[in-house]
Amino acid sequence: MRLYAYCTGDELAAEAFEEATGVGGSPLMLVRRGALAVLVSEFEGDAVPATRENVAEHNRVNALALARSTPLPFRFGTLVEGARLEAYVAKQEASLVAALERVRGCVEMGAKVIWDAGGQAAAGVEDDEREAGGSPSAGAGTAFLLAKRREVLGEEALRSRAEGVAAALASRLEGLSRESSVQVNSKGSLVVRAAHLIERGREEEYRERVRALGREREDLRLMASGPWPPYNFSGPRS
Amino acid sequence: MTDAELILDEEEELSLLETLDHVLDRGLVIAGEVTIAVADIDLIYVGLNVLLGSVETVNKVLGERERRLEYLRGLAPGGGE
């Protein structure tokens with residue numbers, strides 16, 4: 001039988017999980033090694049079915065751990081033999097302890113920014129095109145070059161706008177976020193996907209700052225989520 | 001199904017999408033020890049939608065929230081003026 005690993009930390013206490021169960025209904029246990037403990041439950045089977053129930057259980061157990069301290073969460077579906085888990089912790093102890101120091105006293109919050117309907121229109125490209133000499137009588141070669149120009153200018157305009165949105169979000173969260181992990185995508189609807197490490201107790205302030213940006217920008221929809229265990233801040237600093 | 005039930009379902013879907021976005025490709029990994037069985041096609045479908053940036057559900061739910069807030073503001077004393 002293998003162990004399903006939820007999270008690891010140096011402040012996990014067994015009494016917090018005495019009555020709780022994990023994925024598949026097995027009781028939660030702590031595997032201790034050095035300064036660290038790993039929250040696990042026994043799991044029968046070779047693979048974890050990716051069902052709504054199992055994802056919710058994984059999330060619920062980590063939320064339970066997060067309620068008392070800030071652990072480092074494992075990815076969904078981490079199944080490992082007991083000996084292999086202890087070897088992993090022994091080998092990675094120093095880096096795991098450093099990662100815990102990095103996130104101590106914090107939670108992760110998330111923000112997603114979506115272009116509202118029509119928000120992807122690359123304003124100004126059509127004007128540029130007219131200035132470039134586009135006319136109904138233009139030949140096939142000219143039409144091709146204009147189409148190419150429209151494509152390039154459109155991409156540049158979108159990239160510029162997307163970076164502007166990310167900068168606006170960063171500015172809004174200045175002084176609140178200890179660290180951030182931001183992905184900017186100018187080609188899809190989901191233009192910014194950001195995670196921020198913030199001090200515990202400031203979650204509502206985070207949500208309010210994100211909401212405030214949403215009220216100012218009618219071309220965007222913003223969505224805040226959290227608190228989460230630091231899924232985006234558990235690995236080495238990038 | 002009533003509109004309220006539909007919105008509740010969509011809110012749950014949104015919550016699931018956010019959870020999937022975090023737990024499926026973030027967090028600590030022990031090399032070679034993440035083992036997932038693709039048992040729930042619907043779950044994988046919505047998970048892929050998150051990763052590919054399909055946000056129709058998000059837009060729909062947020063839009064409905066805003067409409068409800070506008071409606072409630074209209075009902076409040078002095079609201080809707």
# chains A, B, ... in the order shown; residues from 1 in each chain; ligands from 1
$ interface_residues --of "chain A" --to "chain B" --cutoff "10 Å" --atoms "only C-alpha atoms" --output "ChimeraX atom specification"
/A:4-8,46-52,55-56,58-59,72-81,84-85,88-89,96,110,112,114-117,185,187-191,193,195,221-226,228-235
$ residues_around --residues "Thr70 (chain A)" --least-positions-apart "6" --cutoff "7 Å" --atoms "only C-alpha atoms" --output "PDB file with C-alpha atoms, in the first residue's frame"
ATOM      1  CA  VAL A 103       6.217  31.316   2.924  1.00  0.00           C
ATOM      2  CA  ARG A 104       5.928  31.392   6.718  1.00  0.00           C
ATOM      3  CA  GLY A 105       3.078  33.545   7.950  1.00  0.00           C
ATOM      4  CA  CYS A 106       1.735  33.937   4.433  1.00  0.00           C
ATOM      5  CA  VAL A 107      -0.988  32.530   2.201  1.00  0.00           C
ATOM      6  CA  PRO A 229      -1.505  26.898   0.342  1.00  0.00           C
TER       7      PRO A 229
END
$ atom_distance --atom1 "CA of Leu176 (chain A)" --atom2 "CA of Ala162 (chain A)"
21.9 Å
$ select_by_dssp --residues "region 51-129 of chain A" --states "alpha helix (DSSP H)" --output "JSON list (two decimals) with C-alpha atoms, in the first residue's frame"
[["chain", "number", "residue", "atom", "x", "y", "z"],
["A", 52, "ARG", "CA", -14.24, 15.89, -8.58],
["A", 53, "GLU", "CA", -14.50, 14.13, -5.22],
["A", 54, "ASN", "CA", -10.79, 13.32, -5.02],
["A", 55, "VAL", "CA", -9.73, 16.80, -6.10],
["A", 56, "ALA", "CA", -12.08, 18.27, -3.48],
["A", 57, "GLU", "CA", -10.65, 15.94, -0.79],
["A", 58, "HIS", "CA", -7.07, 16.90, -1.66],
["A", 59, "ASN", "CA", -8.04, 20.55, -1.47],
["A", 60, "ARG", "CA", -10.01, 20.12, 1.78],
["A", 61, "VAL", "CA", -7.12, 18.39, 3.57],
["A", 62, "ASN", "CA", -4.66, 21.08, 2.52],
["A", 63, "ALA", "CA", -7.12, 23.80, 3.57],
["A", 64, "LEU", "CA", -7.30, 22.11, 7.00],
["A", 65, "ALA", "CA", -3.51, 22.24, 7.26],
["A", 66, "LEU", "CA", -3.43, 25.84, 6.03],
["A", 82, "GLY", "CA", 6.84, 5.10, 2.67],
["A", 83, "ALA", "CA", 10.58, 4.46, 2.28],
["A", 84, "ARG", "CA", 10.74, 6.59, -0.86],
["A", 85, "LEU", "CA", 8.94, 9.45, 0.91],
["A", 86, "GLU", "CA", 11.39, 9.37, 3.82],
["A", 87, "ALA", "CA", 14.33, 9.31, 1.40],
["A", 88, "TYR", "CA", 12.86, 12.32, -0.46],
["A", 89, "VAL", "CA", 12.44, 14.34, 2.74],
["A", 90, "ALA", "CA", 15.93, 13.41, 3.96],
["A", 91, "LYS", "CA", 17.50, 14.47, 0.69],
["A", 92, "GLN", "CA", 15.44, 17.66, 0.26],
["A", 93, "GLU", "CA", 15.24, 18.72, 3.92],
["A", 94, "ALA", "CA", 17.40, 21.82, 3.60],
["A", 95, "SER", "CA", 15.58, 23.14, 0.54],
["A", 96, "LEU", "CA", 12.16, 22.33, 2.03],
["A", 97, "VAL", "CA", 13.02, 24.15, 5.26],
["A", 98, "ALA", "CA", 14.20, 27.14, 3.20],
["A", 99, "ALA", "CA", 10.94, 27.07, 1.22],
["A", 100, "LEU", "CA", 8.94, 27.01, 4.46],
["A", 101, "GLU", "CA", 10.82, 30.06, 5.73],
["A", 102, "ARG", "CA", 9.98, 31.81, 2.48],
["A", 103, "VAL", "CA", 6.22, 31.32, 2.92],
["A", 125, "VAL", "CA", -4.64, 48.98, -36.37],
["A", 126, "GLU", "CA", -7.31, 49.92, -38.90],
["A", 127, "ASP", "CA", -6.18, 53.55, -38.83],
["A", 128, "ASP", "CA", -2.60, 52.47, -39.40],
["A", 129, "GLU", "CA", -3.79, 50.39, -42.32]]
$ select_by_dssp --residues "region 45-228 of chain A" --states "strand (DSSP E)" --output "PyMOL selection string"
chain A and resi 48-49+72-73+79-80+106-115+177-184+190-199+220-228
$ atom_distance --atom1 "CA of Pro71 (chain A)" --atom2 "CA of His196 (chain A)"
15.8 Å
$ closest_residue --among "A:Val192, A:Ala13, A:Ala20, A:Met109" --to "Leu36 (chain A)" --atoms "only C-alpha atoms"
A:Ala13
$ atom_distance --atom1 "CA of Gly9 (chain A)" --atom2 "CA of Val38 (chain A)"
6.6 Å
